[in-house]
Each structure stands twice: as C-alpha cells, then as structure tokens.
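File shown: input.txt (compact mmCIF, C-alpha atoms).
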# COMPACT_ATOMS: atom_id res chain seq x y z
CA MET A 1 19.11 -13.13 -6.88
CA PRO A 2 17.30 -16.50 -6.83
CA SER A 3 16.50 -17.80 -10.30
CA PRO A 4 12.69 -17.30 -10.18
CA TYR A 5 13.24 -13.61 -9.50
CA ARG A 6 15.93 -13.34 -12.17
CA ALA A 7 13.59 -14.92 -14.70
CA ILE A 8 10.80 -12.37 -14.34
CA PHE A 9 13.23 -9.55 -15.22
CA ALA A 10 14.10 -11.13 -18.58
CA VAL A 11 11.40 -9.00 -20.23
CA PRO A 12 12.83 -5.64 -21.38
CA GLY A 13 11.73 -2.67 -19.28
CA THR A 14 10.82 -4.60 -16.13
CA LYS A 15 13.89 -3.51 -14.18
CA GLY A 16 13.26 0.12 -15.04
CA PHE A 17 9.62 0.33 -13.97
CA SER A 18 10.23 -1.71 -10.82
CA ALA A 19 13.07 0.62 -9.80
CA ALA A 20 10.90 3.67 -10.50
CA GLY A 21 8.15 2.09 -8.45
CA PHE A 22 10.53 1.67 -5.53
CA LEU A 23 11.22 5.41 -5.44
CA GLY A 24 7.58 6.29 -6.00
CA ARG A 25 6.49 4.10 -3.09
CA MET A 26 8.97 5.43 -0.54
CA PRO A 27 6.50 8.15 0.53
CA LEU A 28 4.05 5.40 1.51
CA SER A 29 6.33 4.54 4.43
CA MET A 30 7.73 8.02 5.02
CA MET A 31 4.90 10.54 4.80
CA GLY A 32 2.52 9.37 7.52
CA ILE A 33 5.18 8.61 10.11
CA GLY A 34 7.03 11.75 9.01
CA VAL A 35 3.97 13.88 9.74
CA VAL A 36 3.55 12.19 13.13
CA THR A 37 7.19 12.85 13.99
CA MET A 38 7.11 16.42 12.66
CA ILE A 39 4.00 17.45 14.57
CA SER A 40 5.09 15.74 17.78
CA GLN A 41 8.44 17.50 17.51
CA LEU A 42 6.85 20.90 16.93
CA THR A 43 3.87 20.67 19.30
CA GLY A 44 4.24 17.57 21.50
CA ARG A 45 0.63 16.68 20.65
CA TYR A 46 0.27 13.04 19.58
CA GLY A 47 -3.49 13.41 19.22
CA LEU A 48 -3.03 16.13 16.60
CA ALA A 49 -0.23 14.17 14.92
CA GLY A 50 -2.35 11.04 14.68
CA ALA A 51 -5.38 12.98 13.42
CA LEU A 52 -3.32 14.62 10.65
CA SER A 53 -1.88 11.27 9.62
CA ALA A 54 -5.42 9.90 9.61
CA THR A 55 -6.63 12.79 7.44
CA LEU A 56 -3.84 12.15 4.96
CA ALA A 57 -4.71 8.45 4.81
CA MET A 58 -8.47 9.05 4.53
CA SER A 59 -7.95 11.51 1.70
CA ALA A 60 -5.77 9.02 -0.14
CA ALA A 61 -8.45 6.39 0.43
CA ALA A 62 -11.12 8.61 -1.11
CA LEU A 63 -9.09 9.87 -4.06
CA GLY A 64 -6.92 6.83 -4.84
CA PRO A 65 -9.59 4.66 -6.53
CA LEU A 66 -10.81 7.62 -8.58
CA ILE A 67 -7.28 8.29 -9.82
CA SER A 68 -6.75 4.61 -10.63
CA ARG A 69 -10.07 4.42 -12.48
CA LEU A 70 -8.91 7.32 -14.64
CA VAL A 71 -5.62 5.47 -15.19
CA ASP A 72 -7.49 2.37 -16.42
CA ARG A 73 -9.36 4.59 -18.88
CA HIS A 74 -6.71 7.07 -20.01
CA GLY A 75 -3.31 5.56 -19.18
CA GLN A 76 -0.74 6.09 -16.45
CA ARG A 77 1.20 8.98 -17.99
CA ARG A 78 -1.81 11.23 -18.65
CA VAL A 79 -3.20 10.86 -15.12
CA LEU A 80 -0.27 10.34 -12.75
CA ARG A 81 1.71 13.47 -13.57
CA PRO A 82 -1.02 16.06 -12.87
CA ALA A 83 -2.22 14.12 -9.80
CA THR A 84 1.32 14.08 -8.41
CA LEU A 85 1.74 17.84 -8.91
CA VAL A 86 -1.44 18.49 -6.92
CA ALA A 87 -0.24 16.22 -4.11
CA LEU A 88 3.18 17.90 -3.99
CA ALA A 89 1.63 21.36 -3.81
CA ALA A 90 -0.51 20.24 -0.85
CA VAL A 91 2.50 18.72 0.94
CA ALA A 92 4.38 21.99 0.51
CA GLY A 93 1.44 23.87 2.05
CA LEU A 94 1.31 21.43 4.98
CA LEU A 95 5.00 21.85 5.76
CA ILE A 96 4.84 25.64 5.55
CA CYS A 97 1.81 25.81 7.86
CA ALA A 98 3.46 23.49 10.37
CA GLN A 99 6.72 25.42 10.33
CA GLN A 100 4.95 28.75 10.74
CA ARG A 101 2.73 27.36 13.55
CA LEU A 102 -0.45 28.39 11.73
CA ALA A 103 -3.92 27.35 12.91
CA ASP A 104 -4.64 23.64 13.14
CA TRP A 105 -7.37 23.81 10.51
CA THR A 106 -4.84 24.85 7.86
CA LEU A 107 -2.87 21.68 8.54
CA PHE A 108 -5.97 19.56 7.97
CA VAL A 109 -6.82 21.33 4.71
CA PHE A 110 -3.41 20.65 3.19
CA ALA A 111 -3.25 17.11 4.62
CA ALA A 112 -6.51 16.38 2.79
CA GLY A 113 -5.07 17.76 -0.45
CA ALA A 114 -1.95 15.62 -0.10
CA GLY A 115 -4.17 12.54 -0.43
CA CYS A 116 -4.15 13.07 -4.19
CA VAL A 117 -0.94 11.03 -4.29
CA PRO A 118 -1.38 8.10 -6.74
CA SER A 119 -1.13 4.45 -5.71
CA VAL A 120 2.23 3.73 -7.35
CA GLY A 121 2.27 0.13 -6.12
CA SER A 122 -0.95 -0.60 -7.99
CA MET A 123 0.53 0.91 -11.15
CA ILE A 124 3.57 -1.35 -10.95
CA ARG A 125 1.54 -4.49 -10.27
CA ALA A 126 -0.75 -3.65 -13.19
CA ARG A 127 2.32 -3.59 -15.44
CA TRP A 128 3.41 -7.00 -14.20
CA ALA A 129 -0.12 -8.35 -14.74
CA GLU A 130 -0.09 -7.05 -18.32
CA ILE A 131 3.28 -8.68 -19.03
CA TYR A 132 2.57 -12.05 -17.43
CA ARG A 133 -1.08 -12.42 -18.37
CA GLY A 134 -1.86 -16.15 -18.36
CA SER A 135 1.38 -17.07 -16.52
CA PRO A 136 0.37 -17.56 -12.88
CA ARG A 137 3.75 -18.88 -11.72
CA GLU A 138 5.65 -15.86 -13.03
CA LEU A 139 2.96 -13.48 -11.80
CA HIS A 140 3.15 -15.00 -8.30
CA THR A 141 6.89 -14.36 -8.29
CA ALA A 142 6.41 -10.82 -9.60
CA TYR A 143 3.84 -10.01 -6.92
CA SER A 144 6.17 -11.49 -4.29
CA TRP A 145 9.00 -9.32 -5.60
CA GLU A 146 6.88 -6.21 -5.32
CA SER A 147 5.93 -7.16 -1.77
CA ILE A 148 9.64 -7.36 -1.01
CA VAL A 149 10.07 -3.90 -2.51
CA ASP A 150 7.18 -2.65 -0.37
CA GLU A 151 8.84 -3.95 2.75
CA VAL A 152 12.26 -2.58 1.82
CA CYS A 153 10.51 0.79 1.62
CA PHE A 154 9.13 0.22 5.10
CA ILE A 155 12.53 -0.86 6.39
CA PHE A 156 14.37 2.24 5.23
CA GLY A 157 11.54 4.77 4.91
CA PRO A 158 10.78 5.21 8.63
CA ILE A 159 14.50 5.22 9.48
CA ILE A 160 15.11 8.02 6.99
CA SER A 161 11.95 9.97 7.82
CA ILE A 162 12.17 9.79 11.62
CA GLY A 163 15.95 10.12 11.59
CA LEU A 164 15.96 13.28 9.49
CA SER A 165 13.07 14.87 11.36
CA THR A 166 14.68 14.27 14.75
CA ALA A 167 18.33 14.91 13.86
CA TRP A 168 18.03 17.66 11.23
CA PHE A 169 14.77 19.64 11.28
CA PRO A 170 11.15 18.49 11.88
CA GLU A 171 9.97 18.95 8.29
CA ALA A 172 12.89 17.04 6.73
CA GLY A 173 11.22 13.61 6.56
CA PRO A 174 8.03 14.64 4.72
CA LEU A 175 10.08 16.93 2.47
CA LEU A 176 12.32 14.11 1.27
CA ALA A 177 9.27 11.86 0.83
CA ALA A 178 7.82 14.44 -1.57
CA GLY A 179 11.08 14.40 -3.52
CA PHE A 180 10.99 10.62 -3.85
CA LEU A 181 7.41 10.80 -5.15
CA LEU A 182 8.28 13.36 -7.80
CA VAL A 183 11.29 11.46 -9.14
CA GLY A 184 9.56 8.07 -9.03
CA VAL A 185 6.42 9.16 -10.89
CA LEU A 186 8.32 11.09 -13.56
CA TRP A 187 10.64 8.13 -14.14
CA LEU A 188 7.77 5.62 -14.23
CA THR A 189 5.59 7.59 -16.63
CA ALA A 190 8.52 8.13 -18.97
CA GLN A 191 8.54 4.35 -19.61
CA ARG A 192 5.77 3.94 -22.17
CA ALA A 193 6.64 0.49 -23.58
CA THR A 194 5.44 -1.41 -20.50
CA GLU A 195 2.45 0.82 -19.73
CA PRO A 196 -0.83 -1.17 -19.76
CA VAL A 197 -3.20 -0.34 -22.61
CA PRO A 198 -6.00 1.95 -21.35
CA HIS A 199 -9.67 1.08 -21.88
CA PRO A 200 -11.51 4.37 -22.59
CA ARG A 201 -14.75 2.62 -23.50
CA ARG A 202 -15.21 1.84 -19.80
CA GLU A 203 -16.23 5.47 -19.34
CA HIS A 204 -19.56 4.61 -20.92
CA THR A 205 -20.41 1.41 -19.06
CA GLY A 206 -20.59 2.79 -15.51
CA GLY A 207 -19.93 0.85 -12.35
CA SER A 208 -16.84 0.30 -10.27
CA ALA A 209 -14.49 -2.58 -9.58
CA LEU A 210 -15.90 -2.52 -6.04
CA ARG A 211 -19.11 -4.13 -7.28
CA SER A 212 -17.20 -7.43 -7.09
CA ARG A 213 -18.35 -9.28 -3.97
CA GLY A 214 -14.93 -10.84 -3.50
CA LEU A 215 -13.20 -7.46 -3.67
CA GLN A 216 -15.63 -6.13 -1.08
CA VAL A 217 -14.44 -8.77 1.40
CA LEU A 218 -10.80 -7.95 0.75
CA VAL A 219 -11.35 -4.22 1.21
CA VAL A 220 -13.32 -4.52 4.45
CA THR A 221 -10.77 -6.94 5.89
CA PHE A 222 -7.97 -4.61 4.92
CA VAL A 223 -9.62 -1.73 6.77
CA ALA A 224 -9.05 -3.68 9.98
CA THR A 225 -5.59 -4.77 8.82
CA GLY A 226 -4.64 -1.18 8.08
CA ALA A 227 -5.69 -0.22 11.59
CA ILE A 228 -3.02 -2.65 12.82
CA PHE A 229 -0.33 -0.90 10.80
CA GLY A 230 -1.44 2.63 11.65
CA SER A 231 -1.71 2.00 15.37
CA VAL A 232 1.59 0.11 15.57
CA ASP A 233 3.41 3.04 13.94
CA VAL A 234 2.03 5.69 16.28
CA VAL A 235 2.29 3.67 19.47
CA THR A 236 5.83 2.54 18.69
CA VAL A 237 7.02 6.14 18.32
CA ALA A 238 5.38 7.02 21.64
CA PHE A 239 6.74 3.86 23.30
CA ALA A 240 10.29 4.73 22.24
CA GLU A 241 9.91 8.32 23.41
CA GLU A 242 8.70 7.21 26.85
CA ARG A 243 11.94 5.28 27.19
CA GLY A 244 14.07 8.21 26.09
CA HIS A 245 15.01 6.83 22.65
CA LYS A 246 12.50 8.33 20.21
CA ALA A 247 14.81 7.96 17.19
CA ALA A 248 15.03 4.20 17.90
CA ALA A 249 11.39 3.87 16.83
CA SER A 250 12.55 3.91 13.22
CA LEU A 251 14.81 0.90 13.84
CA VAL A 252 12.06 -1.03 15.62
CA LEU A 253 9.61 -0.38 12.78
CA ALA A 254 12.31 -1.37 10.30
CA VAL A 255 12.61 -4.75 12.05
CA TYR A 256 8.84 -5.15 11.66
CA ALA A 257 9.19 -4.61 7.92
CA LEU A 258 12.27 -6.84 7.76
CA GLY A 259 10.25 -9.80 8.98
CA SER A 260 7.74 -9.23 6.20
CA CYS A 261 10.50 -8.76 3.62
CA LEU A 262 12.17 -12.07 4.45
CA ALA A 263 8.85 -13.92 4.45
CA GLY A 264 7.96 -12.41 1.08
CA ALA A 265 11.30 -13.45 -0.41
CA VAL A 266 10.77 -17.08 0.62
CA PHE A 267 7.11 -17.03 -0.39
CA GLY A 268 8.03 -16.01 -3.92
CA LEU A 269 10.28 -19.05 -4.32
CA LEU A 270 7.50 -21.50 -3.49
CA HIS A 271 5.43 -23.27 -6.11
CA LEU A 272 2.18 -23.28 -4.18
CA LYS A 273 -0.86 -25.46 -4.69
CA GLY A 274 -4.34 -25.04 -3.33
CA LYS A 275 -6.55 -21.99 -3.12
CA ALA A 276 -5.20 -18.49 -2.74
CA SER A 277 -8.24 -17.76 -0.57
CA THR A 278 -7.14 -20.34 1.99
CA ARG A 279 -3.61 -18.93 2.14
CA TRP A 280 -5.10 -15.46 2.54
CA LEU A 281 -7.34 -16.51 5.44
CA VAL A 282 -4.44 -18.18 7.25
CA GLY A 283 -2.33 -15.07 6.73
CA VAL A 284 -4.95 -12.70 8.15
CA CYS A 285 -5.42 -14.89 11.21
CA ALA A 286 -1.66 -15.10 11.74
CA MET A 287 -1.42 -11.30 11.61
CA ALA A 288 -4.15 -11.05 14.24
CA VAL A 289 -2.56 -13.53 16.63
CA SER A 290 0.86 -11.90 16.28
CA MET A 291 -0.44 -8.69 17.88
CA ILE A 292 -1.06 -10.34 21.24
CA PRO A 293 2.61 -10.47 22.42
CA LEU A 294 2.90 -6.69 22.01
CA GLN A 295 0.92 -6.35 25.24
CA LEU A 296 3.88 -7.83 27.10
CA ALA A 297 6.47 -5.43 25.68
CA GLY A 298 8.47 -3.79 28.45
CA SER A 299 11.55 -2.80 26.49
CA LEU A 300 12.55 -1.85 22.97
CA PRO A 301 14.52 -5.09 22.30
CA PHE A 302 11.53 -7.24 23.28
CA LEU A 303 9.25 -5.09 21.14
CA ALA A 304 11.57 -5.42 18.16
CA VAL A 305 11.57 -9.22 18.41
CA ALA A 306 7.78 -9.34 18.75
CA LEU A 307 7.31 -7.10 15.73
CA PHE A 308 9.79 -9.12 13.64
CA VAL A 309 7.73 -12.27 14.26
CA ALA A 310 4.52 -10.34 13.53
CA GLY A 311 5.97 -9.12 10.24
CA LEU A 312 6.41 -12.66 8.92
CA ALA A 313 2.69 -12.87 8.09
CA ILE A 314 2.40 -9.60 6.18
CA ALA A 315 3.99 -10.11 2.75
CA PRO A 316 2.51 -13.59 2.08
CA THR A 317 -0.93 -12.22 2.92
CA MET A 318 -0.44 -9.27 0.56
CA VAL A 319 0.72 -11.52 -2.29
CA SER A 320 -2.33 -13.75 -1.84
CA THR A 321 -4.50 -10.64 -1.84
CA MET A 322 -3.19 -9.50 -5.21
CA ALA A 323 -3.84 -12.96 -6.65
CA LEU A 324 -7.43 -12.80 -5.38
CA VAL A 325 -7.95 -9.33 -6.82
CA GLU A 326 -6.88 -10.59 -10.24
CA GLN A 327 -9.31 -13.50 -9.93
CA HIS A 328 -12.32 -11.41 -8.92
CA VAL A 329 -11.85 -8.19 -10.92
CA PRO A 330 -11.97 -7.78 -14.74
CA ARG A 331 -8.61 -6.88 -16.24
CA THR A 332 -9.94 -3.59 -17.60
CA GLU A 333 -10.47 -2.54 -13.97
CA LEU A 334 -7.40 -4.19 -12.47
CA THR A 335 -5.55 -1.02 -11.44
CA GLU A 336 -8.67 0.28 -9.73
CA GLY A 337 -9.25 -3.08 -8.04
CA MET A 338 -5.73 -3.18 -6.65
CA THR A 339 -6.07 0.40 -5.48
CA TRP A 340 -9.25 -0.44 -3.58
CA THR A 341 -7.24 -2.83 -1.39
CA SER A 342 -4.78 0.00 -0.77
CA THR A 343 -7.76 2.19 0.03
CA GLY A 344 -8.95 -0.28 2.63
CA LEU A 345 -5.51 -0.21 4.19
CA ALA A 346 -5.45 3.60 4.09
CA VAL A 347 -8.81 3.88 5.83
CA GLY A 348 -7.62 1.42 8.44
CA VAL A 349 -4.35 3.28 8.92
CA ALA A 350 -6.36 6.48 9.42
CA LEU A 351 -8.62 4.90 12.02
CA GLY A 352 -5.82 3.02 13.74
CA SER A 353 -3.38 5.92 13.93
CA SER A 354 -6.07 8.30 15.17
CA ALA A 355 -7.36 5.87 17.80
CA ALA A 356 -3.84 5.02 18.91
CA GLY A 357 -2.90 8.71 19.20
CA TRP A 358 -5.82 9.45 21.49
CA VAL A 359 -5.18 6.33 23.61
CA VAL A 360 -1.51 7.27 24.00
CA ASP A 361 -2.42 10.81 25.03
CA ALA A 362 -4.96 9.52 27.55
CA SER A 363 -3.26 6.42 28.99
CA GLY A 364 0.30 6.09 27.67
CA ALA A 365 2.02 3.95 25.08
CA GLY A 366 1.58 0.69 26.98
CA ALA A 367 -2.20 0.94 26.71
CA GLY A 368 -1.91 1.95 23.05
CA TYR A 369 -0.96 -1.56 21.95
CA ALA A 370 -4.50 -2.67 22.72
CA VAL A 371 -5.57 -0.95 19.50
CA PRO A 372 -3.72 -3.34 17.12
CA VAL A 373 -4.99 -6.33 19.11
CA VAL A 374 -8.61 -5.26 18.67
CA SER A 375 -7.94 -4.44 15.01
CA GLY A 376 -6.46 -7.88 14.39
CA ALA A 377 -9.46 -9.58 15.97
CA LEU A 378 -11.80 -7.62 13.70
CA ALA A 379 -9.74 -8.50 10.62
CA ALA A 380 -9.88 -12.22 11.43
CA ALA A 381 -13.63 -12.08 12.07
CA VAL A 382 -14.37 -10.38 8.74
CA ALA A 383 -12.05 -12.79 6.90
CA PHE A 384 -13.90 -15.80 8.30
CA LEU A 385 -17.32 -14.34 7.50
CA GLY A 386 -16.34 -13.47 3.92
CA TYR A 387 -14.28 -16.54 3.10
CA ARG A 388 -17.06 -18.18 1.08
CA ARG A 389 -17.18 -15.25 -1.32
CA LEU A 390 -13.48 -15.64 -2.04
CA SER A 391 -13.31 -19.43 -2.18
CA GLY A 392 -16.47 -20.00 -4.23
CA PRO A 393 -16.81 -19.83 -8.02
CA VAL A 394 -15.71 -16.51 -9.52
CA PRO A 395 -18.58 -14.65 -11.26
CA THR A 396 -18.16 -14.82 -15.03
CA GLU A 397 -19.99 -11.66 -16.07
CA GLY A 398 -17.04 -9.34 -15.60
CA ARG A 399 -14.61 -11.82 -17.13
CA ALA A 400 -16.73 -12.31 -20.22
CA GLU A 401 -16.97 -8.57 -20.71
CA ASP A 402 -13.23 -8.32 -20.15
CA ASP A 403 -12.60 -10.93 -22.84
CA ARG A 404 -14.80 -9.04 -25.33
CA HIS A 405 -12.86 -5.83 -24.72
CA ARG A 406 -9.56 -7.66 -24.98
CA ARG A 407 -10.47 -9.20 -28.33
CA THR A 408 -11.59 -5.82 -29.63
CA ASP A 409 -8.34 -4.18 -28.48
CA ASP A 410 -6.31 -6.90 -30.19
CA ASP A 411 -8.30 -6.47 -33.41
CA GLU A 412 -7.73 -2.71 -33.31
CA ARG A 413 -3.99 -3.13 -32.84
CA VAL A 414 -3.81 -5.60 -35.76
CA ALA A 415 -5.81 -3.23 -37.96
I need this file expressed as structure tokens, please.
Amino acid sequence: MPSPYRAIFAVPGTKGFSAAGFLGRMPLSMMGIGVVTMISQLTGRYGLAGALSATLAMSAAALGPLISRLVDRHGQRRVLRPATLVALAAVAGLLICAQQRLADWTLFVFAAGAGCVPSVGSMIRARWAEIYRGSPRELHTAYSWESIVDEVCFIFGPIISIGLSTAWFPEAGPLLAAGFLLVGVLWLTAQRATEPVPHPRREHTGGSALRSRGLQVLVVTFVATGAIFGSVDVVTVAFAEERGHKAAASLVLAVYALGSCLAGAVFGLLHLKGKASTRWLVGVCAMAVSMIPLQLAGSLPFLAVALFVAGLAIAPTMVSTMALVEQHVPRTELTEGMTWTSTGLAVGVALGSSAAGWVVDASGAGAGYAVPVVSGALAAAVAFLGYRRLSGPVPTEGRAEDDRHRRTDDDERVA
C-alpha cells in the first residue's frame, strides 16, 4: 500500500471500521442490479425491473437523509441497527413475492420498504472526518481510499449479484446483498471508539443540512449524475442479453468500476492545490463527455473499453464532492450532508434506470445509451450554473454555530 494510505491507518480502529464499511456497502452495488436481474429472469420485463429498481432507489433517497439526521443526533449504533432490521425485513418480503409470482403492487410495496437501508458510506466518511479534523491532506487521502472501496464494491458486487442470479437462482443476488448489509452494520456499530460524538441539541434548532446553497448545487448535479449510473447499469444488462451473453454484463460493469478505482487510487496520492470546486466541475464535465462514445458500441469488448475510460472521471469527482460537503455543511450535520449527495445519486439512479428500462423495452439496448448521454449533459449544465455557489466564500453562520457546539462538547467531556 502506498505510504499516504498506510499513514491514515495508523490511528487505532480505522482498519476495522473501514473493513466493516466495505461489507456494509456491498449492497449498494448488488441490490439494484440484483433486482433488475432477478425480475428479468423471472418475468422478462425490463420495464418492471427498472421501475422496481427505481422504487428502491427513490425510497432510499427519501429515507436516507432522515436516518442520517437521526445518526447525527443520537449516534450510529442507536439508529443503524433498527433501520437495518426494517430494511432486511422488506427485502425478504420482496424476494418472497417475486418467487411466488405475486401481484406487481406487492413488489413495489416491499421495494419501498427496503429503502430504509442506511447510507453506510456516509457513516464511514463521518468517522474519518472526526479523526482527521483539521488535517486536510490526510482527509483527502481517506476520502480517496473510501472512493477506492466504493469502486471495489462496484467491481465485484455486480459480478457476484448477476452471476449468482443467472447461474444459481434468480433471488440469489439480492439475498446475498442482504447478508452483507447485516454483517457490515453489526460489525460497524460494535466499534464504539471511533464513532462520532452525536449532537442531540440539534433536535431543538430545526433546519436541515440541505439549507446550504452549496450542498443544493451538489445534490441537484448528482441527480443527473445518478441517472448516468442507473441507465448504464440497466442498458448494459440488456445490451449483453441481446448479444447472447447476459452474464457478461457483470464483467463489463466491473470494468467501468475498475477505471474509477484506479483513478481514485492515483488521485489519493496527489498533493493537490487550487479549489476543490474547480476539480469538481472538471470531473462532472469529463463524466458527461465520456458518455458519448457509448453510442458507437457495437460489441461487448468495445463497450468495456468505453466504460473503462468513462470510469476514470468518477472517483476523483466523488472525492472532490466530499471535500465540498465538508466545506459547506456544519460538522454537526456532516453525516446528513454526505447522505444528501447519496440521495441525489439515488434519485438519479431511480430516474435513469426507469427511463432506460422503458427505452430498452420500446427500442432496444442500442437506443438505451441515449439516456446516459442526456443525463451527462444535464449534469454539466447544472454544474456550470451552480459553480459560483461552490467557488465563492463559504457562509459562516453554520460554521460559527458548529464551533459553539464543538466548544460546549469539549467542555462537557472535560467536566
């Protein structure tokens, strides 16, 4: 491991919570694509598969910030365990209804309940932010490391989920994803030493992290960015099936994540100067442009190469996003702020996967790749329009309030 990455793990407990976070985030890459594969295997209906995946993502988008706000107030252990149990019960209901071929509406009910799954990635990044408060170099490396972990999940998650659902039985992928979630959350919440200190007094002040104008730009941009990811997943599965190699979709999507993983690894080694907002804008535009070559894909090897190149822009953009969230959101609301970016992605994934599913059903997989192109153009447009909010002076009101709470917490611990 390169020395900057080795250095951030010198603090006791960091290896443990990062490993737990890896397991807890596997469902992020497995559940949606697993549901798409499961439903397409059982019914052959990509429209229904995409709509269910969209419902799951939209539910997570609605519930995720609420769960994270409770975490900021009451702590990770007290909130994550009950939320995870609710999500697992809903996933079990979804799989049973799909296996028994029950009415479509039952699938949507349980898919909505499964959205109670917590944003484990935000919980891990909040722990890093607590440990390396005031150390931007180390925090940049930590965020880069977690982006690498995210992409490793997306390299192996789809392979495992699609592979099991196609080679074993249709429900196998989502079932294993639920198992990863259970183990990851239980392991993470058992580690109390690195858990960020909750701020219960925030219950009485009202408001949300989303009142930050900078965070609003990030979230709206990430809605369009998420539509890229959601549509690419669905269309790639359909594209591979049209060519008689449906299981190969997992390998192609893994190559997409591999490009991001390698870029994130290099990005974490760099000692960057300049504004994070500028790096973020360049990254969003690069993601948008990289969708254009997908229109030319005529074979799986060409598609894999195009997606690998497209993946190079993902992790650096995500790392810059986390840095901007920390700049624009008070620390007492940091977990919620990070989760709002995930929410934007989830909403986008829902819209993108649903739109792509209907386009594939109507016109075939080749036409489906128009969806990520349009999504990328929208992301770039919003990023340009909102750049001033991110590059200008950061409002001090939230920071000043954050500092007052921090001093009070420190005084209480000393007392």
TODO: Tell me which of A:Val35, A:Leu70, A:Met318, A:Leu210 sits closest to A:Ser277, counting all atoms listed in the file.
DONE: A:Met318
TODO: Go through A:Ile159, A:Leu88, A:Ile124, A:Ala60 and flag the residue nearest A:Ala247, using all atoms listed in the file for the distances.
DONE: A:Ile159
TODO: Could you please determine the separation between atom CA of A:Ala190 and atom CA of A:Leu94 in Å, to one decimal place?
DONE: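 Interatomic distance here is 28.3 Å.
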Can you write out as JSON lines which residues of stretch 82-118 of chain A fall within 12 Å of stretch 55-58 of chain A, alongside each residue's closest atom pair and its distance in Å to one decimal, counting only C-alpha atoms and ordering rows by chain and ascending residue number?
{"residue": "A:Ala87", "atom": "CA", "partner": "A:Leu56", "partner_atom": "CA", "distance": 10.6}
{"residue": "A:Ala90", "atom": "CA", "partner": "A:Leu56", "partner_atom": "CA", "distance": 10.5}
{"residue": "A:Val91", "atom": "CA", "partner": "A:Leu56", "partner_atom": "CA", "distance": 10.0}
{"residue": "A:Leu94", "atom": "CA", "partner": "A:Leu56", "partner_atom": "CA", "distance": 10.6}
{"residue": "A:Trp105", "atom": "CA", "partner": "A:Thr55", "partner_atom": "CA", "distance": 11.5}
{"residue": "A:Leu107", "atom": "CA", "partner": "A:Thr55", "partner_atom": "CA", "distance": 9.7}
{"residue": "A:Phe108", "atom": "CA", "partner": "A:Thr55", "partner_atom": "CA", "distance": 6.8}
{"residue": "A:Val109", "atom": "CA", "partner": "A:Thr55", "partner_atom": "CA", "distance": 9.0}
{"residue": "A:Phe110", "atom": "CA", "partner": "A:Leu56", "partner_atom": "CA", "distance": 8.7}
{"residue": "A:Ala111", "atom": "CA", "partner": "A:Leu56", "partner_atom": "CA", "distance": 5.0}
{"residue": "A:Ala112", "atom": "CA", "partner": "A:Leu56", "partner_atom": "CA", "distance": 5.5}
{"residue": "A:Gly113", "atom": "CA", "partner": "A:Leu56", "partner_atom": "CA", "distance": 7.9}
{"residue": "A:Ala114", "atom": "CA", "partner": "A:Leu56", "partner_atom": "CA", "distance": 6.4}
{"residue": "A:Gly115", "atom": "CA", "partner": "A:Leu56", "partner_atom": "CA", "distance": 5.4}
{"residue": "A:Cys116", "atom": "CA", "partner": "A:Leu56", "partner_atom": "CA", "distance": 9.2}
{"residue": "A:Val117", "atom": "CA", "partner": "A:Leu56", "partner_atom": "CA", "distance": 9.8}
- [ ] Show which residues sit within 10 Å of A:Ala172, as a ChimeraX atom specification. Count only C-alpha atoms, and ignore same-chain residues fewer than 6 positions away.
- [x] /A:34-35,38,95,160-166
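In terms of minimum interatomic distance to A:Ala379, A:Ile228 ranks closest within A:Cys97, A:Ile228, A:Val319, A:Ile314, counting only C-alpha atoms.
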TODO: May I ask which of the residues A:Asp72, A:Asp233, A:Glu151, A:Glu195 is the closest one to A:Trp128, counting only C-alpha atoms?
DONE: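 Smallest distance to A:Trp128 is found for A:Glu195.
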- [ ] Go ahead and compute the interatomic distance for atom CA of A:Phe384 and atom CA of A:Gly357, in Å to one decimal.
- [x] 29.0 Å
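Taking atom CA of A:Gly274 and atom CA of A:Thr317 as endpoints, the distance between them is 14.7 Å.
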Open item on the list: List the spatial neighbours of A:Met26 as a ChimeraX atom specification - criterion: any atom at most 7 Å away, all atoms listed in the file, same-chain residues fewer than 4 positions off excluded.
Closed with: /A:22,30,153,157,177,180
TODO: Measuring atom to atom with only C-alpha atoms, identify which of A:Val373, A:Val237, A:Ala306, A:Ala263 is nearest to A:Gln41.
DONE: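 The shortest atom-to-atom distance to A:Gln41 comes from A:Val237.
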TODO: Using all atoms listed in the file, pick whichever of A:Leu351, A:Val223, A:Ala209, A:Leu181 has the shortest atom-to-atom distance to A:Pro65.
DONE: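 Of the candidates, the smallest distance to A:Pro65 is held by A:Ala209.
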- [ ] Skip A:Ser299 itself and residues of its chain fewer than 6 positions away, then list as a ChimeraX atom specification all residues within 9 Å of it, counting only C-alpha atoms.
- [x] /A:239-240,243
Open item on the list: I'd like the contact shell of A:Thr221 - 12 Å cut-off, all atoms listed in the file, skipping same-chain residues fewer than 2 positions apart - returned as a ChimeraX atom specification.
Closed with: /A:214-219,223-228,280-281,283-285,287-288,317-318,321,340-348,375-387
Open item on the list: Env of A:Glu242: 12 Å cut, atoms = only C-alpha atoms, seq-sep filter 2 positions within chain, self excluded. Answer as a VMD selection string.
Closed with: chain A and resid 235 to 240 244 to 249 298 to 300 360 to 361 364 to 366
Task: Exercise: residues within 12 Å of coordinate (-0.8, -11.1, 21.5), counting only C-alpha atoms, as JSON, numbers by chain - done: {"A": [285, 286, 287, 288, 289, 290, 291, 292, 293, 294, 295, 296, 297, 303, 306, 307, 309, 310, 369, 370, 371, 372, 373, 374, 375, 376, 377]}
Hey, can I get the axis-aligned box for stretch 342-355 of chain A? All listed atoms, 6 Å padding on each side, centre and edge lengths in Å to one decimal, as JSON.
{"center_x": -6.2, "center_y": 4.0, "center_z": 8.5, "size_x": 17.6, "size_y": 20.6, "size_z": 30.6}
